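Text of input.cif, listed as mmCIF, C-alpha atoms:
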data_work
loop_
_atom_site.label_atom_id
_atom_site.label_comp_id
_atom_site.auth_asym_id
_atom_site.auth_seq_id
_atom_site.Cartn_x
_atom_site.Cartn_y
_atom_site.Cartn_z
CA MET Q 1 40.27 -183.91 -90.32
CA GLY Q 2 43.98 -183.08 -90.52
CA VAL Q 3 45.74 -181.14 -93.21
CA ASP Q 4 48.01 -183.06 -95.52
CA TRP Q 5 50.47 -180.25 -96.25
CA GLY Q 6 52.35 -182.40 -98.74
CA PHE Q 7 49.21 -182.74 -100.81
CA VAL Q 8 48.49 -179.01 -100.57
CA LYS Q 9 52.07 -178.13 -101.50
CA ASP Q 10 51.96 -180.39 -104.57
CA ALA Q 11 48.57 -179.06 -105.68
CA ILE Q 12 49.24 -175.32 -105.51
CA PRO Q 13 51.80 -175.12 -108.38
CA LEU Q 14 49.24 -176.68 -110.69
CA TYR Q 15 47.15 -173.55 -110.28
CA GLU Q 16 49.77 -171.12 -111.59
CA LYS Q 17 48.97 -171.53 -115.28
CA ALA Q 18 45.24 -171.85 -114.62
CA ALA Q 19 45.18 -168.71 -112.45
CA LEU Q 20 47.02 -166.71 -115.12
CA LEU Q 21 44.52 -167.91 -117.73
CA THR Q 22 41.60 -166.93 -115.49
CA LEU Q 23 43.08 -163.46 -114.99
CA LYS Q 24 43.79 -163.16 -118.73
CA ILE Q 25 40.18 -163.95 -119.61
CA ALA Q 26 38.95 -161.53 -116.95
CA PHE Q 27 41.36 -158.78 -118.07
CA PHE Q 28 40.42 -158.88 -121.75
CA GLY Q 29 36.74 -159.29 -120.90
CA ILE Q 30 36.83 -156.23 -118.66
CA VAL Q 31 38.82 -154.08 -121.13
CA LEU Q 32 36.47 -154.94 -124.00
CA SER Q 33 33.46 -154.37 -121.75
CA ILE Q 34 34.73 -150.89 -120.87
CA ILE Q 35 35.27 -150.03 -124.53
CA ILE Q 36 31.84 -151.37 -125.54
CA GLY Q 37 30.17 -149.73 -122.56
CA PHE Q 38 31.78 -146.35 -123.21
CA LEU Q 39 30.81 -146.30 -126.89
CA CYS Q 40 27.26 -147.41 -126.12
CA SER Q 41 26.87 -144.84 -123.35
CA ILE Q 42 27.98 -142.02 -125.65
CA ILE Q 43 25.46 -143.15 -128.27
CA LEU Q 44 22.67 -143.29 -125.67
CA TYR Q 45 23.65 -140.02 -123.97
CA PHE Q 46 23.62 -138.04 -127.21
CA LYS Q 47 20.67 -140.02 -128.61
CA VAL Q 48 22.34 -140.85 -131.92
CA LYS Q 49 19.53 -141.77 -134.29
CA ILE Q 50 19.13 -145.43 -135.23
CA LEU Q 51 22.28 -146.39 -133.33
CA ASP Q 52 20.61 -145.66 -129.99
CA LYS Q 53 17.82 -148.14 -130.83
CA ILE Q 54 20.40 -150.79 -131.74
CA VAL Q 55 22.29 -150.17 -128.48
CA GLN Q 56 19.08 -150.38 -126.44
CA ALA Q 57 18.21 -153.67 -128.12
CA TYR Q 58 21.72 -155.00 -127.39
CA ILE Q 59 21.48 -154.02 -123.72
CA GLU Q 60 18.07 -155.67 -123.29
CA LEU Q 61 19.20 -158.81 -125.10
CA SER Q 62 22.42 -159.08 -123.11
CA ARG Q 63 21.01 -158.35 -119.67
CA ASN Q 64 17.96 -160.58 -120.01
CA THR Q 65 19.74 -163.76 -121.08
CA PRO Q 66 22.08 -165.87 -118.90
CA LEU Q 67 25.81 -165.64 -119.54
CA LEU Q 68 26.01 -169.42 -119.59
CA ILE Q 69 23.54 -169.62 -122.50
CA GLN Q 70 25.40 -166.86 -124.33
CA VAL Q 71 28.69 -168.75 -124.00
CA PHE Q 72 27.08 -172.06 -124.99
CA PHE Q 73 25.57 -170.35 -128.05
CA LEU Q 74 29.01 -169.08 -129.09
CA TYR Q 75 30.84 -172.35 -128.42
CA PHE Q 76 28.30 -174.97 -129.50
CA GLY Q 77 25.94 -173.01 -131.74
CA PHE Q 78 28.20 -170.98 -134.02
CA PRO Q 79 30.21 -174.00 -135.30
CA LYS Q 80 26.96 -175.35 -136.76
CA VAL Q 81 26.87 -172.36 -139.14
CA GLY Q 82 30.58 -172.53 -139.96
CA VAL Q 83 31.99 -170.17 -137.32
CA LYS Q 84 34.30 -171.99 -134.92
CA MET Q 85 36.12 -170.23 -132.08
CA SER Q 86 38.34 -171.49 -129.31
CA GLU Q 87 36.88 -171.87 -125.85
CA ILE Q 88 38.99 -168.95 -124.59
CA THR Q 89 37.75 -166.67 -127.38
CA CYS Q 90 34.17 -167.67 -126.63
CA ALA Q 91 34.72 -166.97 -122.94
CA VAL Q 92 36.13 -163.49 -123.61
CA ILE Q 93 33.41 -162.58 -126.12
CA GLY Q 94 30.66 -163.89 -123.85
CA LEU Q 95 32.03 -162.00 -120.86
CA SER Q 96 32.42 -158.82 -122.93
CA PHE Q 97 28.94 -159.12 -124.41
CA LEU Q 98 27.35 -159.23 -120.97
CA GLY Q 99 29.77 -156.87 -119.25
CA GLY Q 100 29.50 -154.25 -121.99
CA SER Q 101 25.77 -153.81 -121.40
CA TYR Q 102 26.25 -153.26 -117.66
CA MET Q 103 29.15 -150.90 -118.25
CA ALA Q 104 27.02 -148.94 -120.73
CA GLU Q 105 24.34 -148.37 -118.11
CA ALA Q 106 26.91 -147.42 -115.47
CA PHE Q 107 28.64 -144.98 -117.83
CA ARG Q 108 25.38 -143.44 -118.99
CA SER Q 109 24.34 -142.89 -115.37
CA GLY Q 110 27.65 -141.14 -114.78
CA LEU Q 111 27.19 -138.92 -117.81
CA GLU Q 112 23.64 -138.01 -116.88
CA ALA Q 113 24.72 -137.17 -113.33
CA VAL Q 114 26.73 -134.18 -114.58
CA SER Q 115 24.64 -131.15 -113.68
CA LYS Q 116 23.11 -129.04 -116.41
CA SER Q 117 24.56 -125.91 -114.83
CA GLN Q 118 28.08 -127.24 -115.52
CA ILE Q 119 27.20 -127.90 -119.14
CA GLU Q 120 25.52 -124.52 -119.54
CA GLY Q 121 28.56 -122.86 -117.94
CA GLY Q 122 30.82 -124.54 -120.51
CA ILE Q 123 28.61 -123.39 -123.36
CA SER Q 124 28.51 -119.83 -122.00
CA ILE Q 125 32.31 -119.51 -122.14
CA GLY Q 126 32.33 -120.65 -125.75
CA LEU Q 127 33.39 -124.30 -125.51
CA SER Q 128 32.66 -126.40 -128.58
CA LYS Q 129 30.73 -129.65 -128.22
CA THR Q 130 33.98 -131.65 -128.37
CA GLN Q 131 35.64 -129.41 -125.77
CA LEU Q 132 32.54 -129.64 -123.59
CA ILE Q 133 32.72 -133.42 -123.64
CA ARG Q 134 36.48 -133.51 -123.07
CA TYR Q 135 36.88 -130.85 -120.38
CA VAL Q 136 33.53 -130.74 -118.59
CA ILE Q 137 31.40 -133.87 -119.00
CA ILE Q 138 33.96 -136.72 -119.09
CA PRO Q 139 36.16 -135.58 -116.14
CA GLN Q 140 33.14 -135.19 -113.85
CA ALA Q 141 31.43 -138.33 -115.10
CA ILE Q 142 34.53 -140.48 -114.48
CA ARG Q 143 34.37 -139.72 -110.76
CA ARG Q 144 30.82 -141.02 -110.69
CA MET Q 145 31.51 -143.99 -112.98
CA LEU Q 146 34.67 -145.36 -111.38
CA PRO Q 147 33.29 -146.98 -108.19
CA GLY Q 148 30.52 -148.74 -110.14
CA THR Q 149 32.95 -149.78 -112.86
CA ILE Q 150 35.28 -151.39 -110.31
CA ASN Q 151 32.32 -153.24 -108.75
CA LEU Q 152 31.30 -154.53 -112.17
CA ALA Q 153 34.89 -155.62 -112.86
CA THR Q 154 34.85 -157.57 -109.59
CA ARG Q 155 31.63 -159.31 -110.59
CA MET Q 156 33.13 -160.20 -113.97
CA ILE Q 157 36.20 -161.77 -112.34
CA LYS Q 158 33.93 -163.98 -110.25
CA THR Q 159 31.82 -164.82 -113.30
CA THR Q 160 34.84 -166.33 -115.06
CA SER Q 161 34.23 -169.47 -112.98
CA LEU Q 162 31.46 -170.36 -115.47
CA VAL Q 163 33.89 -170.82 -118.38
CA VAL Q 164 34.86 -174.22 -117.00
CA LEU Q 165 31.62 -175.49 -118.55
CA ILE Q 166 32.99 -175.06 -122.09
CA GLY Q 167 36.31 -176.72 -121.30
CA VAL Q 168 38.52 -173.79 -120.34
CA ILE Q 169 41.29 -175.05 -118.04
CA ASP Q 170 40.82 -172.41 -115.35
CA VAL Q 171 41.32 -172.70 -111.60
CA VAL Q 172 37.97 -174.46 -111.15
CA LYS Q 173 38.75 -177.04 -113.84
CA VAL Q 174 42.20 -177.72 -112.39
CA GLY Q 175 40.63 -178.13 -108.98
CA GLN Q 176 38.15 -180.67 -110.34
CA GLN Q 177 40.98 -182.60 -112.01
CA ILE Q 178 43.02 -182.71 -108.79
CA ILE Q 179 40.01 -183.85 -106.78
CA GLU Q 180 39.19 -186.55 -109.34
CA THR Q 181 42.70 -188.00 -109.29
CA SER Q 182 43.06 -187.73 -105.50
CA ARG Q 183 39.65 -188.79 -104.22
CA PHE Q 184 40.86 -192.20 -102.99
CA GLN Q 185 44.28 -191.23 -101.69
CA PHE Q 186 43.04 -187.98 -100.10
CA PRO Q 187 39.31 -188.23 -99.27
CA ALA Q 188 39.27 -184.63 -97.98
CA ALA Q 189 40.77 -183.24 -101.23
CA SER Q 190 37.57 -181.44 -102.23
CA PHE Q 191 37.55 -179.51 -98.94
CA TRP Q 192 41.09 -178.19 -99.37
CA ILE Q 193 40.94 -177.63 -103.12
CA TYR Q 194 37.65 -175.76 -103.18
CA GLY Q 195 38.70 -173.92 -100.04
CA PHE Q 196 41.83 -172.78 -101.84
CA ILE Q 197 39.79 -171.63 -104.87
CA PHE Q 198 37.39 -169.85 -102.51
CA PHE Q 199 40.20 -167.79 -100.99
CA LEU Q 200 41.94 -167.29 -104.33
CA TYR Q 201 38.90 -165.45 -105.71
CA PHE Q 202 38.53 -163.62 -102.40
CA ILE Q 203 42.07 -162.24 -102.34
CA ILE Q 204 41.67 -161.03 -105.94
CA CYS Q 205 38.23 -159.44 -105.53
CA TYR Q 206 38.32 -158.09 -101.97
CA PRO Q 207 40.94 -155.35 -102.60
CA LEU Q 208 38.94 -154.15 -105.62
CA SER Q 209 35.79 -154.05 -103.54
CA LYS Q 210 37.53 -151.98 -100.86
CA ILE Q 211 38.94 -149.57 -103.45
CA SER Q 212 35.45 -149.09 -104.87
CA LYS Q 213 34.01 -148.30 -101.42
CA VAL Q 214 36.82 -145.84 -100.64
CA LEU Q 215 36.33 -143.98 -103.92
CA GLU Q 216 32.57 -143.95 -103.50
CA LYS Q 217 32.90 -142.51 -100.01
CA LYS Q 218 35.54 -139.99 -101.08
CA TRP Q 219 33.59 -138.70 -104.09
CA SER Q 220 30.08 -138.89 -102.68
#

Any chance you could give the structure as C-alpha coordinates?
Amino acid sequence: MGVDWGFVKDAIPLYEKAALLTLKIAFFGIVLSIIIGFLCSIILYFKVKILDKIVQAYIELSRNTPLLIQVFFLYFGFPKVGVKMSEITCAVIGLSFLGGSYMAEAFRSGLEAVSKSQIEGGISIGLSKTQLIRYVIIPQAIRRMLPGTINLATRMIKTTSLVVLIGVIDVVKVGQQIIETSRFQFPAASFWIYGFIFFLYFIICYPLSKISKVLEKKWS
(Lines of atoms letter the chains of each structure in order from A and count residues from 1; the text may use other names and numbers.)
(Lines give C-alpha, C1' and ligand atoms only; values in the text may rest on other atoms or scores of the structure.)
Protein backbone atom coordinates (compact mmCIF):
# COMPACT_ATOMS: atom_id res chain seq x y z
CA MET A 1 0.00 0.00 0.00
CA GLY A 2 1.87 3.08 -1.23
CA VAL A 3 1.48 6.62 -0.01
CA ASP A 4 -0.19 9.07 -2.34
CA TRP A 5 1.64 12.18 -1.17
CA GLY A 6 -0.44 14.39 -3.45
CA PHE A 7 -3.58 13.26 -1.66
CA VAL A 8 -1.98 13.77 1.75
CA LYS A 9 -0.70 17.22 0.78
CA ASP A 10 -4.16 18.29 -0.43
CA ALA A 11 -5.90 16.93 2.67
CA ILE A 12 -3.73 18.49 5.39
CA PRO A 13 -4.71 22.17 4.76
CA LEU A 14 -8.35 21.22 5.29
CA TYR A 15 -7.50 20.44 8.88
CA GLU A 16 -6.23 23.92 9.78
CA LYS A 17 -9.60 25.45 10.59
CA ALA A 18 -10.89 22.23 12.16
CA ALA A 19 -7.80 21.86 14.35
CA LEU A 20 -8.11 25.46 15.57
CA LEU A 21 -11.77 24.85 16.41
CA THR A 22 -10.88 21.68 18.31
CA LEU A 23 -8.24 23.55 20.31
CA LYS A 24 -10.66 26.44 20.92
CA ILE A 25 -13.30 24.10 22.34
CA ALA A 26 -10.67 22.35 24.46
CA PHE A 27 -9.20 25.65 25.69
CA PHE A 28 -12.49 27.18 26.83
CA GLY A 29 -13.64 23.86 28.25
CA ILE A 30 -10.46 23.53 30.30
CA VAL A 31 -10.49 27.16 31.51
CA LEU A 32 -14.13 26.93 32.61
CA SER A 33 -13.47 23.55 34.22
CA ILE A 34 -10.62 25.04 36.25
CA ILE A 35 -12.79 27.93 37.41
CA ILE A 36 -15.70 25.63 38.29
CA GLY A 37 -13.40 23.12 39.94
CA PHE A 38 -11.62 25.76 42.03
CA LEU A 39 -14.85 27.31 43.30
CA CYS A 40 -16.34 23.91 44.10
CA SER A 41 -13.19 22.75 45.88
CA ILE A 42 -13.16 25.86 48.08
CA ILE A 43 -16.81 25.26 48.99
CA LEU A 44 -16.10 21.61 49.83
CA TYR A 45 -12.86 22.31 51.69
CA PHE A 46 -14.44 24.90 53.98
CA LYS A 47 -17.73 22.97 54.17
CA VAL A 48 -19.93 25.94 53.25
CA LYS A 49 -23.41 25.05 54.44
CA ILE A 50 -26.01 24.17 51.81
CA LEU A 51 -23.60 25.00 48.98
CA ASP A 52 -21.44 21.99 49.80
CA LYS A 53 -24.46 19.68 49.38
CA ILE A 54 -25.24 21.27 46.02
CA VAL A 55 -21.62 20.86 44.89
CA GLN A 56 -21.57 17.21 46.00
CA ALA A 57 -24.77 16.56 44.07
CA TYR A 58 -23.28 18.24 40.98
CA ILE A 59 -20.11 16.15 41.20
CA GLU A 60 -22.05 12.89 41.54
CA LEU A 61 -24.40 13.81 38.70
CA SER A 62 -21.57 14.86 36.39
CA ARG A 63 -19.21 11.97 37.06
CA ASN A 64 -21.85 9.25 36.89
CA THR A 65 -23.36 10.19 33.53
CA PRO A 66 -21.63 9.89 30.13
CA LEU A 67 -20.37 13.07 28.48
CA LEU A 68 -22.07 12.04 25.25
CA ILE A 69 -25.49 11.95 26.96
CA GLN A 70 -24.79 15.30 28.63
CA VAL A 71 -23.97 16.89 25.27
CA PHE A 72 -26.97 15.27 23.57
CA PHE A 73 -29.20 16.58 26.38
CA LEU A 74 -27.89 20.12 25.83
CA TYR A 75 -28.08 20.00 22.03
CA PHE A 76 -31.25 17.98 21.41
CA GLY A 77 -33.10 18.25 24.71
CA PHE A 78 -32.91 21.93 25.66
CA PRO A 79 -34.41 23.22 22.35
CA LYS A 80 -37.59 21.31 23.24
CA VAL A 81 -38.08 23.63 26.22
CA GLY A 82 -37.15 26.79 24.29
CA VAL A 83 -33.41 26.95 24.99
CA LYS A 84 -31.38 26.59 21.79
CA MET A 85 -27.59 26.75 21.73
CA SER A 86 -25.05 26.27 18.98
CA GLU A 87 -23.22 22.98 18.74
CA ILE A 88 -19.96 24.68 19.80
CA THR A 89 -21.60 26.20 22.89
CA CYS A 90 -23.07 22.82 23.80
CA ALA A 91 -19.67 21.20 23.37
CA VAL A 92 -17.94 23.73 25.63
CA ILE A 93 -20.65 23.57 28.30
CA GLY A 94 -20.73 19.78 28.23
CA LEU A 95 -16.95 19.55 28.48
CA SER A 96 -16.90 22.10 31.32
CA PHE A 97 -19.71 20.37 33.19
CA LEU A 98 -17.82 17.09 33.26
CA GLY A 99 -14.33 18.56 33.60
CA GLY A 100 -15.35 20.85 36.45
CA SER A 101 -16.33 17.92 38.66
CA TYR A 102 -12.99 16.17 38.12
CA MET A 103 -11.07 19.39 38.66
CA ALA A 104 -13.01 19.97 41.90
CA GLU A 105 -11.92 16.60 43.27
CA ALA A 106 -8.31 17.17 42.18
CA PHE A 107 -8.23 20.63 43.75
CA ARG A 108 -9.84 19.45 46.97
CA SER A 109 -7.27 16.67 47.26
CA GLY A 110 -4.54 19.27 46.84
CA LEU A 111 -6.04 21.49 49.52
CA GLU A 112 -6.48 18.63 51.96
CA ALA A 113 -2.88 17.52 51.39
CA VAL A 114 -1.58 20.69 53.05
CA SER A 115 -0.40 19.58 56.48
CA LYS A 116 -2.20 20.81 59.57
CA SER A 117 1.11 21.89 61.08
CA GLN A 118 1.52 24.44 58.26
CA ILE A 119 -1.96 25.80 58.89
CA GLU A 120 -1.44 25.89 62.66
CA GLY A 121 1.89 27.66 62.12
CA GLY A 122 0.14 30.34 60.04
CA ILE A 123 -2.49 30.83 62.71
CA SER A 124 0.17 31.05 65.45
CA ILE A 125 1.89 34.00 63.74
CA GLY A 126 -1.41 35.85 63.50
CA LEU A 127 -2.45 35.32 59.88
CA SER A 128 -6.11 35.99 59.13
CA LYS A 129 -8.19 33.35 57.38
CA THR A 130 -7.79 35.16 54.05
CA GLN A 131 -4.03 35.49 54.52
CA LEU A 132 -3.83 31.84 55.53
CA ILE A 133 -5.54 30.81 52.31
CA ARG A 134 -3.48 33.17 50.15
CA TYR A 135 -0.01 32.66 51.61
CA VAL A 136 -0.06 29.17 53.11
CA ILE A 137 -2.76 26.88 51.72
CA ILE A 138 -3.03 27.89 48.04
CA PRO A 139 0.74 28.06 47.24
CA GLN A 140 1.35 24.59 48.70
CA ALA A 141 -1.82 23.11 47.24
CA ILE A 142 -0.97 24.30 43.72
CA ARG A 143 2.17 22.17 43.69
CA ARG A 144 0.05 19.13 44.47
CA MET A 145 -2.78 20.09 42.10
CA LEU A 146 -0.79 20.97 39.00
CA PRO A 147 0.30 17.51 37.75
CA GLY A 148 -3.23 16.13 38.13
CA THR A 149 -4.73 19.22 36.53
CA ILE A 150 -2.49 18.85 33.47
CA ASN A 151 -3.46 15.17 33.19
CA LEU A 152 -7.14 16.10 33.33
CA ALA A 153 -6.59 18.78 30.68
CA THR A 154 -4.99 16.14 28.44
CA ARG A 155 -7.99 13.86 28.89
CA MET A 156 -10.34 16.73 28.03
CA ILE A 157 -8.46 17.47 24.80
CA LYS A 158 -8.87 13.84 23.75
CA THR A 159 -12.54 13.90 24.77
CA THR A 160 -13.26 16.69 22.28
CA SER A 161 -13.39 13.98 19.59
CA LEU A 162 -16.94 13.20 20.80
CA VAL A 163 -18.31 16.60 19.72
CA VAL A 164 -18.40 15.38 16.12
CA LEU A 165 -21.61 13.56 17.08
CA ILE A 166 -23.52 16.85 17.41
CA GLY A 167 -22.22 18.26 14.13
CA VAL A 168 -19.15 20.22 15.21
CA ILE A 169 -16.75 20.43 12.26
CA ASP A 170 -13.66 19.29 14.16
CA VAL A 171 -10.70 17.27 12.91
CA VAL A 172 -12.64 14.00 13.13
CA LYS A 173 -15.56 15.39 11.11
CA VAL A 174 -13.24 16.81 8.45
CA GLY A 175 -11.50 13.46 8.27
CA GLN A 176 -14.82 11.68 7.74
CA GLN A 177 -15.75 14.13 4.98
CA ILE A 178 -12.42 13.62 3.19
CA ILE A 179 -12.74 9.85 3.43
CA GLU A 180 -16.32 9.95 2.13
CA THR A 181 -15.40 12.02 -0.93
CA SER A 182 -12.21 10.06 -1.64
CA ARG A 183 -13.21 6.47 -0.98
CA PHE A 184 -13.32 5.52 -4.67
CA GLN A 185 -10.36 7.52 -5.93
CA PHE A 186 -8.18 6.68 -2.90
CA PRO A 187 -9.30 3.38 -1.31
CA ALA A 188 -6.66 3.72 1.44
CA ALA A 189 -7.85 7.21 2.44
CA SER A 190 -9.20 6.07 5.81
CA PHE A 191 -5.78 4.66 6.77
CA TRP A 192 -3.94 7.92 6.08
CA ILE A 193 -6.63 10.27 7.37
CA TYR A 194 -7.26 8.51 10.66
CA GLY A 195 -3.53 7.94 11.00
CA PHE A 196 -3.01 11.68 10.66
CA ILE A 197 -5.70 12.40 13.28
CA PHE A 198 -4.12 9.79 15.55
CA PHE A 199 -0.76 11.56 15.47
CA LEU A 200 -2.33 15.01 15.64
CA TYR A 201 -3.87 14.23 19.03
CA PHE A 202 -0.65 12.52 20.08
CA ILE A 203 1.61 15.50 19.35
CA ILE A 204 -0.78 17.78 21.27
CA CYS A 205 -1.25 15.53 24.32
CA TYR A 206 2.15 13.86 24.68
CA PRO A 207 4.10 17.02 25.70
CA LEU A 208 1.45 17.79 28.34
CA SER A 209 1.70 14.26 29.67
CA LYS A 210 5.49 14.55 29.93
CA ILE A 211 5.23 17.91 31.70
CA SER A 212 2.83 16.39 34.21
CA LYS A 213 5.21 13.50 34.95
CA VAL A 214 8.19 15.84 35.35
CA LEU A 215 6.32 18.08 37.78
CA GLU A 216 4.99 15.10 39.71
CA LYS A 217 8.48 13.67 40.04
CA LYS A 218 10.00 17.04 40.95
CA TRP A 219 7.42 17.86 43.63
CA SER A 220 6.86 14.39 45.04

For this session: Run the PyMOL selection byres ((chain Q and resi 13-22) around 9) mentally over the shown coordinates, then write out the matched residues as a PyMOL selection string, using the chain letters and numbers from the document.
Result: chain Q and resi 9-12+23-27+88+157+160-161+168-175+178+200

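Atom to atom, CA of Tyr201 in chain Q and CA of Ile59 in chain Q stand 27.5 Å apart.
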
Problem set entry | Interatomic distance (Å, one decimal) between CA of Val92 in chain Q and CA of Thr65 in chain Q |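 Answer for the CA of Val92 in chain Q to CA of Thr65 in chain Q separation: 16.6 Å.
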
Problem set entry | Separation of CA of Gln176 in chain Q from CA of Ala153 in chain Q, in Å and rounded to one decimal |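 The value is 25.4 Å.
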
For this session: Just say which residues the PyMOL selection byres ((chain Q and resi 60) around 12) picks in this file, as a list in words.
Result: Lys53, Ile54, Val55, Gln56, Ala57, Tyr58, Ile59, Leu61, Ser62, Arg63, Asn64, Thr65, Pro66, Phe97, Leu98, Gly100, Ser101, Tyr102, Ala104 and Glu105 of chain Q

Could you list, as a PDB file with C-alpha atoms, in the coordinates of the input, every residue matched by the PyMOL selection byres ((chain Q and resi 38-45) around 9) in this structure?
ATOM      1  CA  SER Q  33      33.460-154.370-121.750  1.00  0.00           C
ATOM      2  CA  ILE Q  34      34.730-150.890-120.870  1.00  0.00           C
ATOM      3  CA  ILE Q  35      35.270-150.030-124.530  1.00  0.00           C
ATOM      4  CA  ILE Q  36      31.840-151.370-125.540  1.00  0.00           C
ATOM      5  CA  GLY Q  37      30.170-149.730-122.560  1.00  0.00           C
ATOM      6  CA  PHE Q  46      23.620-138.040-127.210  1.00  0.00           C
ATOM      7  CA  LYS Q  47      20.670-140.020-128.610  1.00  0.00           C
ATOM      8  CA  VAL Q  48      22.340-140.850-131.920  1.00  0.00           C
ATOM      9  CA  LYS Q  49      19.530-141.770-134.290  1.00  0.00           C
ATOM     10  CA  LEU Q  51      22.280-146.390-133.330  1.00  0.00           C
ATOM     11  CA  ASP Q  52      20.610-145.660-129.990  1.00  0.00           C
ATOM     12  CA  LYS Q  53      17.820-148.140-130.830  1.00  0.00           C
ATOM     13  CA  VAL Q  55      22.290-150.170-128.480  1.00  0.00           C
ATOM     14  CA  GLN Q  56      19.080-150.380-126.440  1.00  0.00           C
ATOM     15  CA  GLY Q 100      29.500-154.250-121.990  1.00  0.00           C
ATOM     16  CA  SER Q 101      25.770-153.810-121.400  1.00  0.00           C
ATOM     17  CA  MET Q 103      29.150-150.900-118.250  1.00  0.00           C
ATOM     18  CA  ALA Q 104      27.020-148.940-120.730  1.00  0.00           C
ATOM     19  CA  GLU Q 105      24.340-148.370-118.110  1.00  0.00           C
ATOM     20  CA  ALA Q 106      26.910-147.420-115.470  1.00  0.00           C
ATOM     21  CA  PHE Q 107      28.640-144.980-117.830  1.00  0.00           C
ATOM     22  CA  ARG Q 108      25.380-143.440-118.990  1.00  0.00           C
ATOM     23  CA  SER Q 109      24.340-142.890-115.370  1.00  0.00           C
ATOM     24  CA  LEU Q 111      27.190-138.920-117.810  1.00  0.00           C
ATOM     25  CA  GLU Q 112      23.640-138.010-116.880  1.00  0.00           C
TER      26      GLU Q 112
END
